[in-house]
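Structure data (PDB, C-alpha atoms and all ligand atoms) from coords.pdb:
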```
ATOM      1  CA  MET A   1       8.443   8.805   4.841
ATOM      2  CA  ILE A   2      11.258  11.211   5.504
ATOM      3  CA  SER A   3      10.262  14.628   4.163
ATOM      4  CA  ALA A   4      12.136  16.384   1.411
ATOM      5  CA  ASN A   5      13.403  19.278   3.531
ATOM      6  CA  GLU A   6      14.384  17.123   6.481
ATOM      7  CA  LEU A   7      16.244  14.631   4.298
ATOM      8  CA  LYS A   8      18.029  17.178   2.133
ATOM      9  CA  HIS A   9      19.206  19.116   5.118
ATOM     10  CA  ASP A  10      20.511  16.052   7.011
ATOM     11  CA  LEU A  11      22.113  14.325   4.036
ATOM     12  CA  ARG A  12      23.588  17.566   2.756
ATOM     13  CA  SER A  13      25.413  18.210   5.976
ATOM     14  CA  GLU A  14      26.679  14.606   6.047
ATOM     15  CA  LEU A  15      27.899  14.747   2.450
ATOM     16  CA  ILE A  16      29.065  18.331   2.132
ATOM     17  CA  ASN A  17      32.754  17.419   2.290
ATOM     18  CA  ILE A  18      32.396  14.090   0.490
ATOM     19  CA  ILE A  19      30.683  14.765  -2.835
ATOM     20  CA  PRO A  20      31.226  17.785  -5.113
ATOM     21  CA  SER A  21      28.973  20.719  -4.240
ATOM     22  CA  GLY A  22      27.403  20.761  -7.738
ATOM     23  CA  TYR A  23      25.845  17.362  -7.022
ATOM     24  CA  LEU A  24      24.335  18.223  -3.652
ATOM     25  CA  SER A  25      21.179  19.670  -5.219
ATOM     26  CA  GLN A  26      20.489  16.306  -6.839
ATOM     27  CA  LEU A  27      20.291  14.380  -3.582
ATOM     28  CA  PRO A  28      17.071  12.366  -3.252
ATOM     29  CA  ARG A  29      14.123  14.565  -2.279
ATOM     30  CA  SER A  30      12.562  11.961   0.014
ATOM     31  CA  PHE A  31      12.728   8.268   0.822
ATOM     32  CA  ASP A  32      10.926   5.544   2.722
ATOM     33  CA  ILE A  33      12.126   3.863   5.862
ATOM     34  CA  ILE A  34      10.417   0.577   6.681
ATOM     35  CA  GLY A  35      11.023  -1.052  10.048
ATOM     36  CA  SER A  36      11.303   0.018  13.628
ATOM     37  CA  LYS A  37      13.825   1.458  16.079
ATOM     38  CA  GLY A  38      16.006  -1.628  16.215
ATOM     39  CA  ARG A  39      16.179  -2.474  12.541
ATOM     40  CA  SER A  40      15.005  -0.666   9.419
ATOM     41  CA  VAL A  41      15.536  -0.639   5.701
ATOM     42  CA  ALA A  42      15.807   2.577   3.674
ATOM     43  CA  ILE A  43      14.524   2.604   0.107
ATOM     44  CA  ILE A  44      16.113   5.343  -1.920
ATOM     45  CA  GLU A  45      16.038   6.625  -5.487
ATOM     46  CA  ILE A  46      19.418   7.781  -6.720
ATOM     47  CA  SER A  47      19.622   9.867  -9.903
ATOM     48  CA  PRO A  48      21.931   8.586 -12.694
ATOM     49  CA  GLN A  49      24.332  11.502 -12.066
ATOM     50  CA  LEU A  50      24.723  10.488  -8.420
ATOM     51  CA  LYS A  51      25.195   6.735  -9.032
ATOM     52  CA  GLN A  52      28.971   7.128  -8.697
ATOM     53  CA  TYR A  53      28.420   8.357  -5.129
ATOM     54  CA  GLU A  54      25.738   5.862  -4.132
ATOM     55  CA  ASN A  55      27.884   4.140  -1.494
ATOM     56  CA  GLU A  56      28.729   7.460   0.147
ATOM     57  CA  ILE A  57      25.044   8.456   0.070
ATOM     58  CA  ALA A  58      23.916   5.106   1.499
ATOM     59  CA  GLU A  59      26.493   5.281   4.298
ATOM     60  CA  ALA A  60      25.359   8.834   5.072
ATOM     61  CA  VAL A  61      21.748   7.582   5.317
ATOM     62  CA  THR A  62      22.823   5.036   7.935
ATOM     63  CA  ARG A  63      24.683   7.715   9.886
ATOM     64  CA  VAL A  64      21.671  10.029   9.879
ATOM     65  CA  HIS A  65      19.237   7.189  10.659
ATOM     66  CA  LYS A  66      21.063   4.875  13.049
ATOM     67  CA  ASN A  67      18.364   2.187  12.892
ATOM     68  CA  VAL A  68      18.851   1.645   9.126
ATOM     69  CA  VAL A  69      20.706  -1.632   8.538
ATOM     70  CA  SER A  70      20.252  -1.882   4.752
ATOM     71  CA  VAL A  71      19.955   0.688   1.992
ATOM     72  CA  LEU A  72      18.087  -0.436  -1.118
ATOM     73  CA  SER A  73      18.046   1.421  -4.410
ATOM     74  CA  LYS A  74      14.833   1.535  -6.465
ATOM     75  CA  GLU A  75      15.810   0.030  -9.812
ATOM     76  CA  THR A  76      12.393  -0.016 -11.500
ATOM     77  CA  GLU A  77       8.833   1.222 -11.054
ATOM     78  CA  ARG A  78       6.374  -1.158  -9.373
ATOM     79  CA  SER A  79       5.111  -3.617 -11.969
ATOM     80  CA  GLY A  80       3.380  -6.930 -12.571
ATOM     81  CA  ASP A  81       0.510  -8.504 -10.659
ATOM     82  CA  TYR A  82       2.385  -8.387  -7.353
ATOM     83  CA  ARG A  83       3.072  -4.617  -7.620
ATOM     84  CA  ILE A  84       6.679  -4.944  -6.488
ATOM     85  CA  ARG A  85       9.754  -3.288  -7.928
ATOM     86  CA  GLU A  86      13.296  -4.482  -8.488
ATOM     87  CA  MET A  87      15.594  -3.236  -5.772
ATOM     88  CA  ARG A  88      19.342  -3.473  -5.348
ATOM     89  CA  LEU A  89      21.207  -3.614  -2.085
ATOM     90  CA  VAL A  90      23.606  -0.645  -2.067
ATOM     91  CA  TYR A  91      24.791  -0.927   1.481
ATOM     92  CA  GLY A  92      24.435  -3.064   4.592
ATOM     93  CA  ASP A  93      22.729  -6.278   5.603
ATOM     94  CA  THR A  94      21.541  -8.662   2.864
ATOM     95  CA  ASN A  95      18.657  -9.658   5.123
ATOM     96  CA  THR A  96      16.049  -6.996   4.341
ATOM     97  CA  GLU A  97      13.187  -8.438   6.399
ATOM     98  CA  VAL A  98      11.976  -6.016   9.075
ATOM     99  CA  LEU A  99       9.227  -5.478  11.634
ATOM    100  CA  HIS A 100       7.338  -2.268  10.912
ATOM    101  CA  LYS A 101       5.308  -0.732  13.724
ATOM    102  CA  GLU A 102       2.307   1.455  12.991
ATOM    103  CA  SER A 103      -0.648   2.593  15.121
ATOM    104  CA  GLY A 104      -0.444  -0.286  17.577
ATOM    105  CA  CYS A 105       0.063  -2.909  14.841
ATOM    106  CA  VAL A 106       3.227  -4.670  13.748
ATOM    107  CA  PHE A 107       3.926  -5.860  10.219
ATOM    108  CA  LYS A 108       6.729  -8.240   9.263
ATOM    109  CA  VAL A 109       7.777  -7.724   5.652
ATOM    110  CA  ASP A 110      10.647  -7.960   3.223
ATOM    111  CA  PRO A 111       9.955  -5.080   0.800
ATOM    112  CA  CYS A 112      11.885  -6.956  -1.896
ATOM    113  CA  LYS A 113       9.321  -9.786  -1.823
ATOM    114  CA  ALA A 114       5.954  -8.179  -1.138
ATOM    115  CA  TYR A 115       4.189  -4.833  -1.505
ATOM    116  CA  PHE A 116       4.148  -2.605   1.539
ATOM    117  CA  SER A 117       4.005   1.184   1.775
ATOM    118  CA  PRO A 118       4.505   3.027   5.063
ATOM    119  CA  ARG A 119       3.022   6.095   3.332
ATOM    120  CA  GLU A 120      -0.453   4.559   3.449
ATOM    121  CA  SER A 121      -0.794   4.536   7.237
ATOM    122  CA  THR A 122      -3.231   7.491   7.181
ATOM    123  CA  GLU A 123      -5.451   5.649   4.734
ATOM    124  CA  ARG A 124      -5.401   2.531   6.940
ATOM    125  CA  GLU A 125      -6.294   4.703   9.935
ATOM    126  CA  ARG A 126      -9.356   6.041   8.111
ATOM    127  CA  PHE A 127     -10.764   2.522   7.886
ATOM    128  CA  ARG A 128     -10.385   1.821  11.593
ATOM    129  CA  SER A 129     -13.290   4.063  12.485
ATOM    130  CA  MET A 130     -15.372   3.538   9.356
ATOM    131  CA  ILE A 131     -16.346  -0.076  10.030
ATOM    132  CA  LEU A 132     -19.570  -0.818  11.892
ATOM    133  CA  GLU A 133     -20.140  -3.529  14.547
ATOM    134  CA  ASN A 134     -20.568  -7.096  13.273
ATOM    135  CA  GLU A 135     -19.826  -6.259   9.654
ATOM    136  CA  GLU A 136     -18.508  -8.906   7.265
ATOM    137  CA  VAL A 137     -15.629  -7.257   5.402
ATOM    138  CA  LEU A 138     -13.687  -8.513   2.384
ATOM    139  CA  VAL A 139     -10.247  -7.074   1.660
ATOM    140  CA  MET A 140      -9.255  -7.970  -1.881
ATOM    141  CA  PHE A 141      -5.545  -7.607  -2.804
ATOM    142  CA  SER A 142      -4.644  -7.779   0.880
ATOM    143  CA  GLY A 143      -0.834  -8.070   0.579
ATOM    144  CA  ILE A 144       0.917  -8.641   3.898
ATOM    145  CA  GLY A 145      -2.342  -7.746   5.667
ATOM    146  CA  PRO A 146      -2.082  -4.112   6.832
ATOM    147  CA  PHE A 147      -5.719  -3.182   6.055
ATOM    148  CA  PRO A 148      -7.434  -6.227   7.621
ATOM    149  CA  ILE A 149      -5.079  -6.232  10.618
ATOM    150  CA  CYS A 150      -5.560  -2.531  11.260
ATOM    151  CA  MET A 151      -9.349  -2.931  11.059
ATOM    152  CA  ALA A 152      -9.483  -6.099  13.179
ATOM    153  CA  LYS A 153      -7.397  -4.517  15.967
ATOM    154  CA  ASN A 154      -9.900  -1.710  16.480
ATOM    155  CA  ASN A 155     -13.109  -3.589  15.809
ATOM    156  CA  PRO A 156     -13.383  -6.802  17.842
ATOM    157  CA  ASN A 157     -16.758  -7.821  16.395
ATOM    158  CA  ILE A 158     -16.142  -7.673  12.663
ATOM    159  CA  LYS A 159     -15.468 -10.707  10.463
ATOM    160  CA  LEU A 160     -12.686 -10.293   7.936
ATOM    161  CA  THR A 161     -11.685 -12.156   4.795
ATOM    162  CA  ALA A 162      -8.434 -11.257   3.001
ATOM    163  CA  ILE A 163      -7.393 -12.505  -0.448
ATOM    164  CA  GLU A 164      -3.864 -12.200  -1.875
ATOM    165  CA  LEU A 165      -2.198 -13.637  -4.976
ATOM    166  CA  ASN A 166       1.491 -13.346  -4.043
ATOM    167  CA  LEU A 167       2.526 -16.361  -1.951
ATOM    168  CA  GLU A 168       5.271 -14.391  -0.163
ATOM    169  CA  ALA A 169       2.828 -11.628   0.808
ATOM    170  CA  HIS A 170       0.235 -14.201   1.906
ATOM    171  CA  LYS A 171       2.813 -15.940   4.147
ATOM    172  CA  TYR A 172       3.638 -12.603   5.783
ATOM    173  CA  CYS A 173      -0.086 -11.917   6.227
ATOM    174  CA  ILE A 174      -0.541 -15.229   8.092
ATOM    175  CA  GLU A 175       2.473 -14.417  10.277
ATOM    176  CA  ASN A 176       1.293 -10.850  10.869
ATOM    177  CA  ILE A 177      -2.141 -12.063  12.013
ATOM    178  CA  LYS A 178      -0.345 -14.127  14.691
ATOM    179  CA  LEU A 179       2.086 -11.327  15.601
ATOM    180  CA  ASN A 180      -0.873  -9.024  16.214
ATOM    181  CA  LYS A 181      -2.674 -11.666  18.281
ATOM    182  CA  LEU A 182      -5.565 -11.828  15.856
ATOM    183  CA  ASP A 183      -5.631 -15.622  15.377
ATOM    184  CA  GLY A 184      -9.024 -16.759  14.131
ATOM    185  CA  ARG A 185     -10.169 -13.196  13.394
ATOM    186  CA  ILE A 186      -9.055 -12.925   9.750
ATOM    187  CA  ASN A 187      -9.575 -15.600   7.119
ATOM    188  CA  ALA A 188      -6.503 -15.072   4.900
ATOM    189  CA  ILE A 189      -6.753 -16.866   1.564
ATOM    190  CA  LEU A 190      -4.041 -17.313  -1.077
ATOM    191  CA  GLY A 191      -5.278 -16.925  -4.642
ATOM    192  CA  ASP A 192      -6.773 -14.815  -7.388
ATOM    193  CA  VAL A 193      -9.862 -12.868  -6.284
ATOM    194  CA  ARG A 194     -11.521 -13.799  -9.577
ATOM    195  CA  GLU A 195     -11.365 -17.480  -8.657
ATOM    196  CA  ILE A 196     -11.649 -17.263  -4.871
ATOM    197  CA  CYS A 197     -14.594 -14.842  -4.500
ATOM    198  CA  PRO A 198     -17.243 -16.935  -6.276
ATOM    199  CA  SER A 199     -16.102 -20.043  -4.374
ATOM    200  CA  LEU A 200     -16.729 -18.360  -0.992
ATOM    201  CA  ASN A 201     -20.528 -18.551  -1.437
ATOM    202  CA  LYS A 202     -20.767 -15.539   0.772
ATOM    203  CA  LYS A 203     -21.853 -11.882   0.570
ATOM    204  CA  PHE A 204     -20.151  -8.999   2.375
ATOM    205  CA  ASP A 205     -21.251  -5.706   3.924
ATOM    206  CA  ARG A 206     -18.089  -4.041   2.649
ATOM    207  CA  VAL A 207     -15.472  -4.807  -0.013
ATOM    208  CA  LEU A 208     -12.114  -2.995  -0.182
ATOM    209  CA  MET A 209     -10.229  -2.936  -3.493
ATOM    210  CA  PRO A 210      -6.763  -1.488  -2.679
ATOM    211  CA  LEU A 211      -5.205  -2.063  -6.103
ATOM    212  CA  PRO A 212      -5.282   1.367  -7.772
ATOM    213  CA  LYS A 213      -3.607   0.045 -10.905
ATOM    214  CA  GLY A 214      -6.150  -2.492 -12.053
ATOM    215  CA  ALA A 215      -8.935  -2.766  -9.455
ATOM    216  CA  PHE A 216     -11.391  -1.772 -12.192
ATOM    217  CA  MET A 217     -10.796  -5.136 -13.880
ATOM    218  CA  PHE A 218     -12.281  -6.870 -10.829
ATOM    219  CA  LEU A 219     -15.326  -4.643 -10.279
ATOM    220  CA  ASP A 220     -17.677  -7.392 -11.520
ATOM    221  CA  VAL A 221     -16.250  -9.801  -8.931
ATOM    222  CA  ALA A 222     -16.524  -7.264  -6.105
ATOM    223  CA  ILE A 223     -20.078  -6.194  -6.941
ATOM    224  CA  ASN A 224     -21.192  -9.823  -7.070
ATOM    225  CA  VAL A 225     -20.074 -10.498  -3.514
ATOM    226  CA  LEU A 226     -21.580  -7.303  -2.059
ATOM    227  CA  LYS A 227     -24.823  -7.560  -0.108
ATOM    228  CA  THR A 228     -27.696  -5.310  -1.213
ATOM    229  CA  SER A 229     -26.688  -1.803  -0.092
ATOM    230  CA  GLY A 230     -23.184  -3.033   0.721
ATOM    231  CA  ILE A 231     -20.300  -0.563   0.455
ATOM    232  CA  LEU A 232     -17.576  -0.706  -2.147
ATOM    233  CA  HIS A 233     -14.220   1.014  -1.532
ATOM    234  CA  PHE A 234     -12.757   1.403  -4.992
ATOM    235  CA  TYR A 235      -9.207   2.670  -5.647
ATOM    236  CA  HIS A 236      -8.092   4.136  -8.960
ATOM    237  CA  TRP A 237      -5.405   6.335 -10.540
ATOM    238  CA  ALA A 238      -6.890   9.582 -11.807
ATOM    239  CA  PRO A 239      -5.569  12.736 -13.488
ATOM    240  CA  ASN A 240      -5.453  15.820 -11.310
ATOM    241  CA  ASP A 241      -7.787  17.758 -13.601
ATOM    242  CA  ASN A 242     -10.502  15.062 -13.718
ATOM    243  CA  LEU A 243     -10.383  13.078 -10.511
ATOM    244  CA  TRP A 244     -13.740  11.325 -10.287
ATOM    245  CA  ASN A 245     -15.409  10.922 -13.701
ATOM    246  CA  GLU A 246     -13.689   7.788 -14.940
ATOM    247  CA  ALA A 247     -13.911   5.925 -11.626
ATOM    248  CA  GLU A 248     -17.596   6.792 -11.187
ATOM    249  CA  LYS A 249     -18.366   5.696 -14.738
ATOM    250  CA  LEU A 250     -16.565   2.380 -14.236
ATOM    251  CA  ILE A 251     -18.594   1.604 -11.104
ATOM    252  CA  GLU A 252     -21.865   2.742 -12.710
ATOM    253  CA  GLU A 253     -21.329   0.630 -15.833
ATOM    254  CA  GLU A 254     -20.386  -2.513 -13.952
ATOM    255  CA  SER A 255     -23.279  -2.181 -11.486
ATOM    256  CA  LYS A 256     -25.755  -1.674 -14.319
ATOM    257  CA  LYS A 257     -24.789  -5.083 -15.723
ATOM    258  CA  SER A 258     -26.088  -6.691 -12.520
ATOM    259  CA  ASN A 259     -29.128  -4.364 -12.291
ATOM    260  CA  ARG A 260     -27.689  -2.635  -9.228
ATOM    261  CA  GLU A 261     -27.885   1.043  -8.465
ATOM    262  CA  VAL A 262     -24.979   3.168  -7.262
ATOM    263  CA  GLU A 263     -24.916   5.882  -4.655
ATOM    264  CA  ILE A 264     -21.531   7.569  -4.339
ATOM    265  CA  ILE A 265     -21.081   8.313  -0.650
ATOM    266  CA  ARG A 266     -17.490   9.569  -0.442
ATOM    267  CA  ARG A 267     -14.739  10.840  -2.729
ATOM    268  CA  VAL A 268     -11.230  10.738  -1.233
ATOM    269  CA  LYS A 269      -7.947  12.058  -2.663
ATOM    270  CA  VAL A 270      -5.636   9.482  -1.058
ATOM    271  CA  SER A 271      -2.162  10.520  -2.225
ATOM    272  CA  ALA A 272      -0.360  12.207  -5.082
ATOM    273  CA  TYR A 273       1.515   9.786  -7.316
ATOM    274  CA  SER A 274       2.986  12.555  -9.469
ATOM    275  CA  PRO A 275       2.124  16.237  -9.959
ATOM    276  CA  SER A 276      -0.589  15.237 -12.448
ATOM    277  CA  LEU A 277      -1.765  11.854 -11.127
ATOM    278  CA  TRP A 278      -3.612  10.973  -7.909
ATOM    279  CA  LYS A 279      -4.514   7.805  -6.117
ATOM    280  CA  ILE A 280      -8.189   8.238  -5.324
ATOM    281  CA  ARG A 281     -10.821   6.238  -3.449
ATOM    282  CA  LEU A 282     -14.516   6.215  -4.195
ATOM    283  CA  ASP A 283     -16.897   4.803  -1.607
ATOM    284  CA  ALA A 284     -20.144   3.670  -3.163
ATOM    285  CA  ARG A 285     -23.278   2.025  -1.817
ATOM    286  CA  ILE A 286     -24.324  -0.645  -4.305
ATOM    287  CA  LYS A 287     -28.097  -1.126  -3.978
TER     288      LYS A 287
HETATM  289  C1  LIG B   1      -1.105  -2.333  -4.266
HETATM  290  S1  LIG B   1      -0.817  -3.864  -3.461
HETATM  291  C2  LIG B   1      -1.686  -3.589  -1.938
HETATM  292  C3  LIG B   1      -1.380  -4.617  -0.877
HETATM  293  C4  LIG B   1      -2.003  -4.302   0.480
HETATM  294  N1  LIG B   1      -3.423  -4.113   0.401
HETATM  295  C5  LIG B   1      -1.357  -3.115   1.134
HETATM  296  O1  LIG B   1      -2.007  -2.073   1.229
HETATM  297  O2  LIG B   1      -0.189  -3.194   1.539
HETATM  298  C6  LIG B   1      -1.888  -4.928  -4.364
HETATM  299  C7  LIG B   1      -1.787  -6.394  -4.006
HETATM  300  O3  LIG B   1      -2.746  -7.120  -4.800
HETATM  301  C8  LIG B   1      -2.218  -8.387  -5.114
HETATM  302  N2  LIG B   1      -2.986  -8.876  -6.278
HETATM  303  C9  LIG B   1      -2.855  -8.462  -7.572
HETATM  304  N3  LIG B   1      -3.748  -9.116  -8.355
HETATM  305  C10 LIG B   1      -4.460  -9.930  -7.545
HETATM  306  C11 LIG B   1      -5.525 -10.843  -7.754
HETATM  307  N4  LIG B   1      -6.026 -11.034  -8.985
HETATM  308  N5  LIG B   1      -6.033 -11.514  -6.707
HETATM  309  C12 LIG B   1      -5.520 -11.317  -5.447
HETATM  310  N6  LIG B   1      -4.503 -10.465  -5.184
HETATM  311  C13 LIG B   1      -3.969  -9.784  -6.209
HETATM  312  C14 LIG B   1      -0.743  -8.117  -5.338
HETATM  313  O4  LIG B   1       0.037  -9.280  -5.206
HETATM  314  C15 LIG B   1      -0.447  -7.050  -4.271
HETATM  315  O5  LIG B   1       0.037  -7.633  -3.096
END
```
Produce structure tokens that represent the structure in this file.
Amino acid sequence: MISANELKHDLRSELINIIPSGYLSQLPRSFDIIGSKGRSVAIIEISPQLKQYENEIAEAVTRVHKNVVSVLSKETERSGDYRIREMRLVYGDTNTEVLHKESGCVFKVDPCKAYFSPRESTERERFRSMILENEEVLVMFSGIGPFPICMAKNNPNIKLTAIELNLEAHKYCIENIKLNKLDGRINAILGDVREICPSLNKKFDRVLMPLPKGAFMFLDVAINVLKTSGILHFYHWAPNDNLWNEAEKLIEEESKKSNREVEIIRRVKVSAYSPSLWKIRLDARIK
């Protein structure tokens, strides 16, 4: 992500003689760039007042960031099962597929077709060192594969299963496993975790649930495939003034139904979604 100060300063100086000074304060505060040195896509949110200058702004973005070949405008919030948003090409190449490099991994993705957030690299990094030798790990809601790929790269002896509903994301995940030379290391499955998990006839040491908007609806499925004393990594949206209560209660209630006990082992504030709402992660041992 390009920080607010950095972006405002750079874009301001590019646009100072192009758009009226009264509008300069409304320039986007920050934006995402997905891709690598050769070819990237910028995803930008332009306020209604600035829409009339969107081409000038998009061109300025490509002058400031020479690797940006396409500028996409966020048209909606993320929605639906696939957690993608509508985006509109404002400027540049209609081909918005890129290769994003991160911590020794490479991810091919078209952000118009599948969820991917470069802002979550720190969270992916945290998992690299958390996994123990020989663990069997399930990544639910695996998208284009950043979590399983990041974990597999650093941990040669773990066994990974990844489940994703969006066909486009699943196809990228398969391709990304190959691109990262991890063939045979990750079992990537297309489908709904509710249907796939019971059919695996398998229990896991660790289950990741990286779907903050809605993971709670699949807690029963996750708990059922966790070994005794296995670890659950549960993501949730939570209000700033009460970060943990709801998530802890959800895990407690669902575990109780299967006569399992819960030990909360870690509470993590992952990222701020808005001034009042956080993405959080609770790590819980389910006994
Ligand atoms: C927030 S995204 C996270 C994707 C990925 N883990 C990442 O970090 O980039 C959640 C993903 O869950 C997938 N998903 C939603 N419901 C699902 C379900 N019932 N079964 C499997 N995948 C699902 C969506 O298609 C989406 O790709």
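Rounded to one decimal, atom CA of A:Phe147 and atom N4 of ligand LIG 1 (chain B) lie 17.0 Å from each other.
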Exercise for the section: Report as a PyMOL selection string which protein, DNA and RNA residues come within 10 Å of ligand LIG 1 (chain B), using all atoms listed in the file. Expected result: chain A and resi 78-84+107+113-121+123-124+139-148+162-170+173+189-197+208-215+217-218+235
Practice task
Take the PyMOL selection byres (((chain A and resi 230-234) around 10) and not hetatm), apply it to the structure above, and return the hits as an NGL selection string.
Solution key: :A and (136-139 or 203-212 or 215-216 or 219 or 222-223 or 225-229 or 235-236 or 247-248 or 251 or 262-267 or 280-287)
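Across the structure, atom CA of A:Glu77 and atom CA of A:Asn245 are spaced 26.2 Å apart.
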Problem - Matched chain/residue IDs from the PyMOL selection byres (((chain A and resi 105) around 9) and not hetatm), as a PyMOL selection string - result: chain A and resi 100-104+106-107+146+149-150+153+176+179-180
Problem - atom CA of A:Phe31 to atom CA of A:Cys112, straight-line distance in Å - result: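 These two atoms are separated by 15.5 Å.
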